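> My structure is in input_20.pdb, and what it holds is PDB, C-alpha atoms and all ligand atoms:
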ATOM      1  CA  LEU A   1      27.282  38.864 -18.797
ATOM      2  CA  ASP A   2      25.073  41.628 -20.250
ATOM      3  CA  SER A   3      25.129  44.411 -17.625
ATOM      4  CA  SER A   4      21.422  45.188 -18.232
ATOM      5  CA  ILE A   5      20.457  41.809 -16.732
ATOM      6  CA  ASP A   6      19.101  42.047 -13.188
ATOM      7  CA  VAL A   7      20.783  38.877 -11.896
ATOM      8  CA  VAL A   8      18.803  38.700  -8.645
ATOM      9  CA  ALA A   9      15.428  39.101 -10.390
ATOM     10  CA  GLU A  10      16.392  36.602 -13.108
ATOM     11  CA  ILE A  11      17.507  33.976 -10.569
ATOM     12  CA  LYS A  12      14.155  34.296  -8.791
ATOM     13  CA  ARG A  13      12.194  34.154 -12.043
ATOM     14  CA  LEU A  14      14.069  31.098 -13.367
ATOM     15  CA  ARG A  15      13.786  29.312 -10.035
ATOM     16  CA  ASP A  16       9.979  29.630 -10.120
ATOM     17  CA  GLU A  17       9.674  28.872 -13.813
ATOM     18  CA  LYS A  18      11.743  25.695 -13.511
ATOM     19  CA  ASN A  19      10.461  24.560 -10.108
ATOM     20  CA  ALA A  20      14.032  24.623  -8.801
ATOM     21  CA  VAL A  21      15.270  24.781  -5.225
ATOM     22  CA  ILE A  22      18.486  26.628  -4.357
ATOM     23  CA  LEU A  23      20.451  25.022  -1.521
ATOM     24  CA  ALA A  24      23.488  26.861  -0.128
ATOM     25  CA  HIS A  25      26.222  26.028   2.362
ATOM     26  CA  TYR A  26      27.190  28.561   5.041
ATOM     27  CA  TYR A  27      30.573  29.069   3.344
ATOM     28  CA  GLN A  28      28.992  30.575   0.230
ATOM     29  CA  ASP A  29      29.153  34.247  -0.643
ATOM     30  CA  GLY A  30      26.594  36.310   1.346
ATOM     31  CA  ALA A  31      24.509  37.220  -1.736
ATOM     32  CA  ILE A  32      24.128  33.525  -2.600
ATOM     33  CA  GLN A  33      23.107  32.683   0.976
ATOM     34  CA  ASP A  34      20.527  35.494   0.830
ATOM     35  CA  ILE A  35      18.844  34.255  -2.343
ATOM     36  CA  ALA A  36      18.903  30.542  -1.400
ATOM     37  CA  ASP A  37      15.733  28.700  -0.344
ATOM     38  CA  PHE A  38      17.703  26.942   2.364
ATOM     39  CA  VAL A  39      21.126  27.546   3.927
ATOM     40  CA  GLY A  40      22.668  24.856   6.084
ATOM     41  CA  ASP A  41      25.518  22.622   7.180
ATOM     42  CA  SER A  42      26.418  19.433   5.309
ATOM     43  CA  LEU A  43      23.969  17.230   7.217
ATOM     44  CA  ASP A  44      20.981  19.557   6.890
ATOM     45  CA  LEU A  45      21.710  20.132   3.211
ATOM     46  CA  SER A  46      21.807  16.395   2.530
ATOM     47  CA  LYS A  47      18.466  15.954   4.338
ATOM     48  CA  LYS A  48      16.909  18.779   2.319
ATOM     49  CA  ALA A  49      18.206  17.256  -0.911
ATOM     50  CA  ALA A  50      16.682  13.889   0.022
ATOM     51  CA  GLU A  51      13.279  15.432   0.807
ATOM     52  CA  THR A  52      12.700  18.099  -1.813
ATOM     53  CA  ASP A  53       9.876  17.875  -4.345
ATOM     54  CA  ALA A  54      11.513  20.395  -6.688
ATOM     55  CA  ASP A  55      12.421  19.221 -10.207
ATOM     56  CA  MET A  56      15.913  20.684 -10.078
ATOM     57  CA  ILE A  57      18.350  21.130  -7.193
ATOM     58  CA  VAL A  58      20.752  24.029  -7.666
ATOM     59  CA  PHE A  59      23.518  23.257  -5.220
ATOM     60  CA  CYS A  60      25.592  26.228  -4.097
ATOM     61  CA  GLY A  61      28.409  24.475  -2.329
ATOM     62  CA  VAL A  62      31.178  22.153  -3.474
ATOM     63  CA  ARG A  63      31.002  19.180  -5.836
ATOM     64  CA  PHE A  64      30.902  16.398  -3.235
ATOM     65  CA  MET A  65      27.825  18.064  -1.674
ATOM     66  CA  ALA A  66      26.020  18.239  -5.028
ATOM     67  CA  GLU A  67      27.017  14.604  -5.599
ATOM     68  CA  VAL A  68      25.385  13.663  -2.274
ATOM     69  CA  ALA A  69      22.216  15.434  -3.439
ATOM     70  CA  LYS A  70      22.273  13.379  -6.668
ATOM     71  CA  ILE A  71      22.922  10.125  -4.787
ATOM     72  CA  LEU A  72      19.946  10.744  -2.506
ATOM     73  CA  SER A  73      17.645  12.236  -5.171
ATOM     74  CA  PRO A  74      18.605  10.454  -8.402
ATOM     75  CA  GLU A  75      15.437  11.386 -10.276
ATOM     76  CA  LYS A  76      16.177  15.113  -9.820
ATOM     77  CA  LYS A  77      18.403  17.182 -12.036
ATOM     78  CA  VAL A  78      21.258  18.411  -9.800
ATOM     79  CA  VAL A  79      23.306  21.363 -11.006
ATOM     80  CA  LEU A  80      26.299  23.187  -9.505
ATOM     81  CA  PRO A  81      27.320  26.739 -10.572
ATOM     82  CA  ASP A  82      30.966  25.691 -11.044
ATOM     83  CA  LEU A  83      32.007  22.048 -11.501
ATOM     84  CA  GLU A  84      35.566  22.952 -10.513
ATOM     85  CA  ALA A  85      34.376  23.541  -6.939
ATOM     86  CA  GLY A  86      36.260  20.626  -5.388
ATOM     87  CA  CYS A  87      37.585  20.055  -1.875
ATOM     88  CA  SER A  88      41.099  19.422  -0.558
ATOM     89  CA  LEU A  89      39.785  16.635   1.687
ATOM     90  CA  GLU A  90      38.336  14.859  -1.328
ATOM     91  CA  ASP A  91      41.627  15.345  -3.228
ATOM     92  CA  SER A  92      43.614  13.981  -0.289
ATOM     93  CA  CYS A  93      41.972  10.567  -0.635
ATOM     94  CA  PRO A  94      42.502   8.985  -4.080
ATOM     95  CA  PRO A  95      40.260   5.906  -4.475
ATOM     96  CA  ALA A  96      42.977   3.459  -5.651
ATOM     97  CA  GLU A  97      45.241   4.284  -2.693
ATOM     98  CA  PHE A  98      42.335   4.116  -0.314
ATOM     99  CA  ALA A  99      41.352   0.663  -1.620
ATOM    100  CA  GLU A 100      44.930  -0.519  -0.811
ATOM    101  CA  PHE A 101      44.758   1.034   2.661
ATOM    102  CA  LYS A 102      41.446  -0.700   3.314
ATOM    103  CA  LYS A 103      42.966  -4.030   2.281
ATOM    104  CA  GLN A 104      45.680  -3.588   4.896
ATOM    105  CA  HIS A 105      42.988  -3.324   7.634
ATOM    106  CA  PRO A 106      40.573  -6.102   6.657
ATOM    107  CA  ASP A 107      38.597  -6.375   9.904
ATOM    108  CA  HIS A 108      37.884  -2.634  10.174
ATOM    109  CA  MET A 109      34.641  -0.800   9.621
ATOM    110  CA  VAL A 110      35.108   2.240   7.369
ATOM    111  CA  LEU A 111      33.689   5.536   8.580
ATOM    112  CA  SER A 112      34.064   8.332   6.070
ATOM    113  CA  TYR A 113      33.522  12.025   6.490
ATOM    114  CA  ILE A 114      30.992  13.245   3.907
ATOM    115  CA  ASN A 115      33.795  15.411   2.434
ATOM    116  CA  CYS A 116      34.969  12.698   0.009
ATOM    117  CA  SER A 117      34.219  11.492  -3.511
ATOM    118  CA  ALA A 118      31.342   9.171  -4.427
ATOM    119  CA  GLU A 119      33.949   6.453  -5.073
ATOM    120  CA  ILE A 120      35.264   6.693  -1.500
ATOM    121  CA  LYS A 121      31.655   6.502  -0.312
ATOM    122  CA  THR A 122      31.239   3.202  -2.202
ATOM    123  CA  MET A 123      34.101   1.810  -0.070
ATOM    124  CA  SER A 124      32.608   3.067   3.210
ATOM    125  CA  ASP A 125      30.244   1.489   5.739
ATOM    126  CA  ILE A 126      28.878   4.697   7.260
ATOM    127  CA  ILE A 127      29.205   8.351   6.284
ATOM    128  CA  VAL A 128      29.350  11.023   8.985
ATOM    129  CA  THR A 129      29.336  14.813   9.031
ATOM    130  CA  SER A 130      30.772  17.007  11.740
ATOM    131  CA  SER A 131      27.328  17.416  13.294
ATOM    132  CA  ASN A 132      26.541  13.714  13.708
ATOM    133  CA  ALA A 133      29.980  12.032  13.927
ATOM    134  CA  GLU A 134      30.145  11.787  17.731
ATOM    135  CA  TYR A 135      26.587  10.502  17.951
ATOM    136  CA  ILE A 136      27.134   7.885  15.238
ATOM    137  CA  VAL A 137      30.495   6.633  16.530
ATOM    138  CA  SER A 138      29.039   6.287  20.022
ATOM    139  CA  GLN A 139      26.466   3.809  18.635
ATOM    140  CA  ILE A 140      29.157   1.467  17.267
ATOM    141  CA  PRO A 141      30.192  -1.350  19.661
ATOM    142  CA  ALA A 142      33.501  -0.587  21.412
ATOM    143  CA  GLU A 143      35.201  -3.751  20.148
ATOM    144  CA  GLN A 144      34.560  -2.872  16.493
ATOM    145  CA  LYS A 145      37.806  -1.700  14.848
ATOM    146  CA  LEU A 146      37.496   1.508  12.847
ATOM    147  CA  ILE A 147      39.101   3.308   9.939
ATOM    148  CA  PHE A 148      38.303   7.021   9.740
ATOM    149  CA  ALA A 149      38.842   8.852   6.433
ATOM    150  CA  PRO A 150      39.763  11.280   5.027
ATOM    151  CA  ASP A 151      40.083  14.045   7.686
ATOM    152  CA  ARG A 152      42.783  13.251  10.225
ATOM    153  CA  HIS A 153      41.859  16.245  12.395
ATOM    154  CA  LEU A 154      38.173  15.327  12.724
ATOM    155  CA  GLY A 155      39.212  11.686  13.188
ATOM    156  CA  GLY A 156      41.766  12.649  15.839
ATOM    157  CA  TYR A 157      39.204  14.798  17.629
ATOM    158  CA  LEU A 158      36.641  11.954  17.680
ATOM    159  CA  SER A 159      39.252   9.488  18.825
ATOM    160  CA  LYS A 160      40.237  11.751  21.707
ATOM    161  CA  THR A 161      36.774  12.829  22.858
ATOM    162  CA  LEU A 162      35.261   9.338  22.586
ATOM    163  CA  ASN A 163      38.417   7.609  23.834
ATOM    164  CA  ARG A 164      38.367   5.298  20.854
ATOM    165  CA  ASP A 165      41.245   4.070  18.692
ATOM    166  CA  MET A 166      40.854   4.622  14.979
ATOM    167  CA  VAL A 167      43.130   4.114  12.022
ATOM    168  CA  LEU A 168      43.241   7.547  10.426
ATOM    169  CA  TRP A 169      43.655   8.430   6.772
ATOM    170  CA  GLN A 170      45.961  11.464   6.713
ATOM    171  CA  GLY A 171      43.837  14.000   4.812
ATOM    172  CA  THR A 172      43.237  17.619   5.804
ATOM    173  CA  CYS A 173      41.181  20.657   4.875
ATOM    174  CA  MET A 174      43.554  23.260   3.418
ATOM    175  CA  VAL A 175      41.413  26.081   4.831
ATOM    176  CA  HIS A 176      41.172  24.962   8.455
ATOM    177  CA  GLU A 177      44.885  24.108   8.460
ATOM    178  CA  LEU A 178      45.710  27.785   7.955
ATOM    179  CA  PHE A 179      44.650  29.079  11.357
ATOM    180  CA  SER A 180      47.644  30.164  13.392
ATOM    181  CA  GLU A 181      47.779  29.234  17.067
ATOM    182  CA  LYS A 182      50.252  32.033  17.763
ATOM    183  CA  GLU A 183      47.948  34.671  16.224
ATOM    184  CA  LEU A 184      44.915  33.152  17.958
ATOM    185  CA  ILE A 185      46.633  33.487  21.332
ATOM    186  CA  LYS A 186      47.361  37.163  20.561
ATOM    187  CA  LEU A 187      43.726  37.723  19.547
ATOM    188  CA  LYS A 188      42.464  36.021  22.719
ATOM    189  CA  ALA A 189      44.684  38.300  24.797
ATOM    190  CA  GLN A 190      43.000  41.312  23.143
ATOM    191  CA  HIS A 191      39.512  39.868  23.777
ATOM    192  CA  PRO A 192      39.866  37.846  26.980
ATOM    193  CA  ASN A 193      36.101  37.351  27.393
ATOM    194  CA  ALA A 194      35.381  36.260  23.830
ATOM    195  CA  PRO A 195      34.446  32.575  23.495
ATOM    196  CA  VAL A 196      36.323  30.715  20.760
ATOM    197  CA  LEU A 197      34.124  28.588  18.463
ATOM    198  CA  VAL A 198      36.051  26.012  16.439
ATOM    199  CA  HIS A 199      35.286  23.622  13.585
ATOM    200  CA  PRO A 200      36.722  20.099  14.155
ATOM    201  CA  GLU A 201      38.505  20.222  10.776
ATOM    202  CA  CYS A 202      41.017  22.473  12.593
ATOM    203  CA  PRO A 203      44.283  21.001  13.912
ATOM    204  CA  ASP A 204      44.378  20.007  17.578
ATOM    205  CA  ALA A 205      46.501  23.072  18.484
ATOM    206  CA  ILE A 206      43.508  25.279  17.555
ATOM    207  CA  VAL A 207      40.847  22.949  18.994
ATOM    208  CA  GLN A 208      42.690  23.155  22.343
ATOM    209  CA  HIS A 209      41.606  26.815  22.590
ATOM    210  CA  ALA A 210      37.938  26.108  21.873
ATOM    211  CA  ASP A 211      34.976  26.830  24.112
ATOM    212  CA  VAL A 212      32.724  25.082  21.590
ATOM    213  CA  VAL A 213      33.729  22.560  18.886
ATOM    214  CA  GLY A 214      31.251  21.650  16.159
ATOM    215  CA  SER A 215      29.831  21.843  12.666
ATOM    216  CA  THR A 216      28.954  25.130  11.025
ATOM    217  CA  ARG A 217      25.367  24.874  12.305
ATOM    218  CA  LYS A 218      26.544  24.196  15.851
ATOM    219  CA  ILE A 219      28.978  27.136  15.685
ATOM    220  CA  LEU A 220      26.234  29.419  14.349
ATOM    221  CA  ASN A 221      23.786  28.408  17.096
ATOM    222  CA  ALA A 222      26.435  28.755  19.781
ATOM    223  CA  ALA A 223      27.324  32.252  18.542
ATOM    224  CA  LEU A 224      23.693  33.356  18.571
ATOM    225  CA  ASN A 225      22.868  31.784  21.941
ATOM    226  CA  SER A 226      25.994  33.073  23.667
ATOM    227  CA  GLU A 227      25.653  35.892  26.167
ATOM    228  CA  SER A 228      28.968  37.298  24.998
ATOM    229  CA  GLU A 229      28.932  40.317  22.708
ATOM    230  CA  THR A 230      32.214  39.416  21.018
ATOM    231  CA  LEU A 231      33.098  35.959  19.697
ATOM    232  CA  ILE A 232      36.051  34.438  17.866
ATOM    233  CA  ILE A 233      35.093  32.151  14.975
ATOM    234  CA  ALA A 234      37.594  29.523  13.800
ATOM    235  CA  THR A 235      36.042  28.279  10.585
ATOM    236  CA  GLU A 236      35.571  29.556   7.045
ATOM    237  CA  PRO A 237      34.426  33.200   7.422
ATOM    238  CA  GLY A 238      31.370  32.792   5.122
ATOM    239  CA  ILE A 239      29.435  31.678   8.223
ATOM    240  CA  ILE A 240      29.875  35.140   9.771
ATOM    241  CA  HIS A 241      27.334  36.462   7.236
ATOM    242  CA  GLN A 242      24.513  34.545   8.988
ATOM    243  CA  MET A 243      25.768  35.580  12.429
ATOM    244  CA  GLU A 244      25.807  39.280  11.538
ATOM    245  CA  LYS A 245      22.345  39.043  10.001
ATOM    246  CA  ALA A 246      20.834  37.366  13.055
ATOM    247  CA  ALA A 247      22.756  39.325  15.728
ATOM    248  CA  PRO A 248      23.842  42.683  14.245
ATOM    249  CA  HIS A 249      24.707  44.083  17.692
ATOM    250  CA  LYS A 250      27.396  41.430  18.288
ATOM    251  CA  THR A 251      30.978  41.377  17.012
ATOM    252  CA  PHE A 252      32.227  38.233  15.279
ATOM    253  CA  ILE A 253      35.960  38.049  14.690
ATOM    254  CA  GLY A 254      37.319  35.481  12.232
ATOM    255  CA  ALA A 255      40.237  33.563  13.736
ATOM    256  CA  PRO A 256      43.499  34.662  12.099
ATOM    257  CA  GLY A 257      45.972  32.920   9.845
ATOM    258  CA  ALA A 258      49.731  33.478  10.065
ATOM    259  CA  ASP A 259      49.361  36.985   8.567
ATOM    260  CA  GLY A 260      47.136  38.031  11.493
ATOM    261  CA  ASN A 261      43.876  38.323   9.550
ATOM    262  CA  CYS A 262      41.163  35.894   8.534
ATOM    263  CA  SER A 263      40.972  36.574   4.799
ATOM    264  CA  CYS A 264      43.407  33.746   3.938
ATOM    265  CA  ASN A 265      40.907  31.273   5.411
ATOM    266  CA  THR A 266      38.344  31.722   2.657
ATOM    267  CA  CYS A 267      37.702  28.398   0.889
ATOM    268  CA  PRO A 268      38.892  28.896  -2.713
ATOM    269  CA  TYR A 269      36.549  26.152  -3.935
ATOM    270  CA  MET A 270      33.432  27.585  -2.301
ATOM    271  CA  ALA A 271      34.414  30.998  -3.698
ATOM    272  CA  LEU A 272      34.225  29.698  -7.291
ATOM    273  CA  ASN A 273      30.422  29.946  -7.143
ATOM    274  CA  THR A 274      29.206  33.467  -7.911
ATOM    275  CA  MET A 275      25.786  35.068  -8.461
ATOM    276  CA  GLU A 276      26.529  35.285 -12.198
ATOM    277  CA  LYS A 277      27.364  31.577 -12.381
ATOM    278  CA  LEU A 278      24.264  30.766 -10.322
ATOM    279  CA  TYR A 279      22.138  32.672 -12.830
ATOM    280  CA  LEU A 280      23.783  30.916 -15.807
ATOM    281  CA  CYS A 281      23.453  27.552 -14.123
ATOM    282  CA  LEU A 282      19.691  28.017 -13.683
ATOM    283  CA  LYS A 283      19.325  29.317 -17.222
ATOM    284  CA  ASN A 284      21.381  26.529 -18.849
ATOM    285  CA  GLU A 285      20.377  23.794 -16.379
ATOM    286  CA  GLY A 286      24.045  22.893 -16.106
ATOM    287  CA  PRO A 287      26.741  22.004 -15.382
ATOM    288  CA  GLU A 288      24.921  18.916 -14.212
ATOM    289  CA  ILE A 289      26.099  16.223 -11.790
ATOM    290  CA  GLY A 290      26.158  12.795 -13.399
ATOM    291  CA  LEU A 291      26.972   9.492 -11.727
ATOM    292  CA  ASP A 292      26.877   5.974 -13.073
ATOM    293  CA  GLU A 293      24.068   3.986 -11.451
ATOM    294  CA  ALA A 294      26.307   1.262  -9.968
ATOM    295  CA  THR A 295      28.433   3.884  -8.155
ATOM    296  CA  ARG A 296      25.364   5.805  -7.053
ATOM    297  CA  LEU A 297      23.710   2.710  -5.563
ATOM    298  CA  GLU A 298      26.851   1.689  -3.632
ATOM    299  CA  ALA A 299      27.437   5.243  -2.406
ATOM    300  CA  GLU A 300      23.821   5.525  -1.303
ATOM    301  CA  LYS A 301      24.111   2.685   1.252
ATOM    302  CA  PRO A 302      26.498   4.382   3.723
ATOM    303  CA  LEU A 303      24.654   7.695   3.279
ATOM    304  CA  ARG A 304      21.280   6.096   4.148
ATOM    305  CA  LYS A 305      22.979   4.444   7.106
ATOM    306  CA  MET A 306      24.127   7.897   8.235
ATOM    307  CA  LEU A 307      20.591   9.312   7.954
ATOM    308  CA  GLU A 308      19.212   6.332   9.937
ATOM    309  CA  MET A 309      21.803   6.763  12.666
ATOM    310  CA  SER A 310      21.539  10.579  12.973
ATOM    311  CA  GLU A 311      19.408  12.208  15.619
TER     312      GLU A 311
HETATM  313  P1  LIG A 401      29.746  21.408   8.014
HETATM  314  O1  LIG A 401      28.874  22.464   7.406
HETATM  315  O2  LIG A 401      29.022  20.110   8.027
HETATM  316  O3  LIG A 401      30.239  21.807   9.345
HETATM  317  O4  LIG A 401      31.002  21.208   7.026
HETATM  318  C1  LIG A 401      32.028  22.107   6.931
HETATM  319  C2  LIG A 401      32.827  22.010   5.681
HETATM  320  O5  LIG A 401      34.013  22.141   5.626
HETATM  321  C3  LIG A 401      32.131  21.758   4.463
HETATM  322  O6  LIG A 401      33.036  21.657   3.462
HETATM  323 FE1  LIG A 402      36.788  21.262   1.515
HETATM  324 FE2  LIG A 402      37.851  22.705   3.434
HETATM  325 FE3  LIG A 402      36.699  23.943   1.417
HETATM  326 FE4  LIG A 402      35.196  22.596   3.225
HETATM  327  S1  LIG A 402      36.428  24.418   3.591
HETATM  328  S2  LIG A 402      35.017  22.519   0.983
HETATM  329  S3  LIG A 402      36.575  20.909   3.727
HETATM  330  S4  LIG A 402      38.540  22.650   1.291
END
Output the file's structure as structure tokens, nothing else.
Ligand code: 13P
Ligand code: SF4

Amino acid sequence: LDSSIDVVAEIKRLRDEKNAVILAHYYQDGAIQDIADFVGDSLDLSKKAAETDADMIVFCGVRFMAEVAKILSPEKKVVLPDLEAGCSLEDSCPPAEFAEFKKQHPDHMVLSYINCSAEIKTMSDIIVTSSNAEYIVSQIPAEQKLIFAPDRHLGGYLSKTLNRDMVLWQGTCMVHELFSEKELIKLKAQHPNAPVLVHPECPDAIVQHADVVGSTRKILNAALNSESETLIIATEPGIIHQMEKAAPHKTFIGAPGADGNCSCNTCPYMALNTMEKLYLCLKNEGPEIGLDEATRLEAEKPLRKMLEMSE
């Protein structure tokens, strides 16, 4: 990129010129969060995408999130700074294998975490995110048998807290799997009064140490509302950017991986989006998310169901 280009000014100019809206997830780089029109968790981002009157949605997050935006706003152009921004949960659930799995449990309703491909969504009855999953599952009659895919940790957490059996697909988030219980215990011993805020994509061994379990938005709100000055955050460290902005006097410590620090827990897919790629994406109006209409229509049903059933 030509070094004389003022990337921040150009992003703002192109956004206005093209009537674009920039949506960013809390795991994005701080500079991207700062320039976005809206920063949120998966549920809030999908609602924004469904409501916007912009002509183009520039989605700073991972591909499945941009796909959700396209499914809910098909008439809009949806672009993503880097199409390679995937997700290990999506990769852990190949559609052909999932179709087989579904066949083996014919009388089950399929609940899928939003972190999956559009094809998996077409095979699902209801989509959930980590901020509405408990609320949605609690509305489903107790006798209804359930499959939960693809995150076995979120599924296991729901099963335990709601006391509800579910057949779990065995997918995981590669980032949340990296937290080390041993290192977390050491960190807690150094900060005995620090609450531990945990994302439910974490394994049960980490969730066991949590004072609060929830989506990125819930973790952010809990950190800001807490009376404690020091907090331990067990999710992707991008979220700490918003915490430090809103409460600069507090100390937010990223939960450690096996090496004792939190840097290994950065999502490599989220990190593919950069300010330079955001600028190019606005300028070139691509790479663009495309979906065939039959897939889009089938994937839309369980997403609309989710929006109906959310608070
Ligand atoms: P939420 O923002 O909905 O908590 O999702 C977290 C996540 O891992 C997104 O990929
Ligand atoms: Fe997927 Fe995990 Fe990255 Fe979220 S943090 S996008 S679940 S790999």
> Neighbours of ligand LIG 402 (chain A) at 7 Å or closer, counting all atoms listed in the file: which residues, as a list in words?
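Taking all atoms listed in the file into account, the residues around ligand LIG 402 (chain A) at most 7 Å away are Val62, Gly86, Cys87, Ser88, Leu89, Asn115, Cys173, Met174, Val175, His176, Glu236, Cys267, Pro268, Tyr269 and Met270 of chain A.
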> Considering all atoms listed in the file, state which residue in the set A:Met56, A:Ile126, A:Val167, A:Ala149 is at the smallest distance from A:Glu17.
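Closest to A:Glu17 of all the choices is A:Met56.
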> For this structure, which residues satisfy the selection - the PyMOL selection byres (((not hetatm)) within 7 of (chain A and resi 401)) - when it is evaluated on the file as given? I want them as a PyMOL selection string.
chain A and resi 25-26+40-43+115+129-131+199+214-217
> Under the rule that all atoms listed in the file are counted, which of A:Leu72, A:Ala31, A:Glu244, A:Ile233 is the nearest residue to A:Lys47?
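Using all atoms listed in the file, A:Lys47 sits closest to A:Leu72.
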> Which residues of stretch 51-160 of chain A have any atom within 9 Å of an atom in stretch 292-307 of chain A when counting only C-alpha atoms, and what is the closest pair of atoms for each, with the distance in Å to one decimal? Order the rows by chain and rising number and write it as a tab-separated table.

residue	atom	partner	partner_atom	distance
A:Val68	CA	A:Leu303	CA	8.2
A:Lys70	CA	A:Arg296	CA	8.2
A:Ile71	CA	A:Arg296	CA	5.5
A:Leu72	CA	A:Glu300	CA	6.6
A:Pro74	CA	A:Arg296	CA	8.3
A:Leu111	CA	A:Pro302	CA	8.8
A:Ser112	CA	A:Pro302	CA	8.9
A:Ile114	CA	A:Leu303	CA	8.4
A:Ala118	CA	A:Ala299	CA	5.9
A:Glu119	CA	A:Thr295	CA	6.8
A:Ile120	CA	A:Ala299	CA	8.0
A:Lys121	CA	A:Ala299	CA	4.9
A:Thr122	CA	A:Ala299	CA	4.3
A:Met123	CA	A:Ala299	CA	7.9
A:Ser124	CA	A:Pro302	CA	6.3
A:Asp125	CA	A:Pro302	CA	5.1
A:Ile126	CA	A:Pro302	CA	4.3
A:Ile127	CA	A:Pro302	CA	5.4
A:Val128	CA	A:Met306	CA	6.1
A:Thr129	CA	A:Met306	CA	8.7
A:Asn132	CA	A:Met306	CA	8.3
A:Ile136	CA	A:Met306	CA	7.6
> Considering all atoms listed in the file, return as a list of chain:residue names whatever protein or nucleic-acid residues lie within 8 Å of A:Gly238, sequence-local ones (same chain, fewer than 6 positions apart) excluded.
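The residues satisfying every condition are A:Tyr26, A:Tyr27, A:Gln28, A:Asp29, A:Gly30, A:Thr266.
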> Now that the selection is made, can you save its residues with C-alpha atoms as a short mmCIF file (atom, residue, chain, number, x, y, z; two decimals), in the frame of the given file?

data_model
loop_
_atom_site.label_atom_id
_atom_site.label_comp_id
_atom_site.auth_asym_id
_atom_site.auth_seq_id
_atom_site.Cartn_x
_atom_site.Cartn_y
_atom_site.Cartn_z
CA TYR A 26 27.19 28.56 5.04
CA TYR A 27 30.57 29.07 3.34
CA GLN A 28 28.99 30.58 0.23
CA ASP A 29 29.15 34.25 -0.64
CA GLY A 30 26.59 36.31 1.35
CA THR A 266 38.34 31.72 2.66
#
> Starting from the shown file, work through the PyMOL selection byres (((chain A and resi 159) around 12) and not hetatm) and note down what comes out as a PyMOL selection string.
chain A and resi 133-134+137-138+142+145-148+152-158+160-168+200+204
> Name the residues that the PyMOL selection byres (((chain A and resi 273) around 6) and not hetatm) pulls out of this structure, and write them as a PyMOL selection string.
chain A and resi 81-82+271-272+274
> Any chance you can output those residues with C-alpha atoms as a CSV table (one decimal), keeping the file's coordinate frame?

chain,number,residue,atom,x,y,z
A,81,PRO,CA,27.3,26.7,-10.6
A,82,ASP,CA,31.0,25.7,-11.0
A,271,ALA,CA,34.4,31.0,-3.7
A,272,LEU,CA,34.2,29.7,-7.3
A,274,THR,CA,29.2,33.5,-7.9
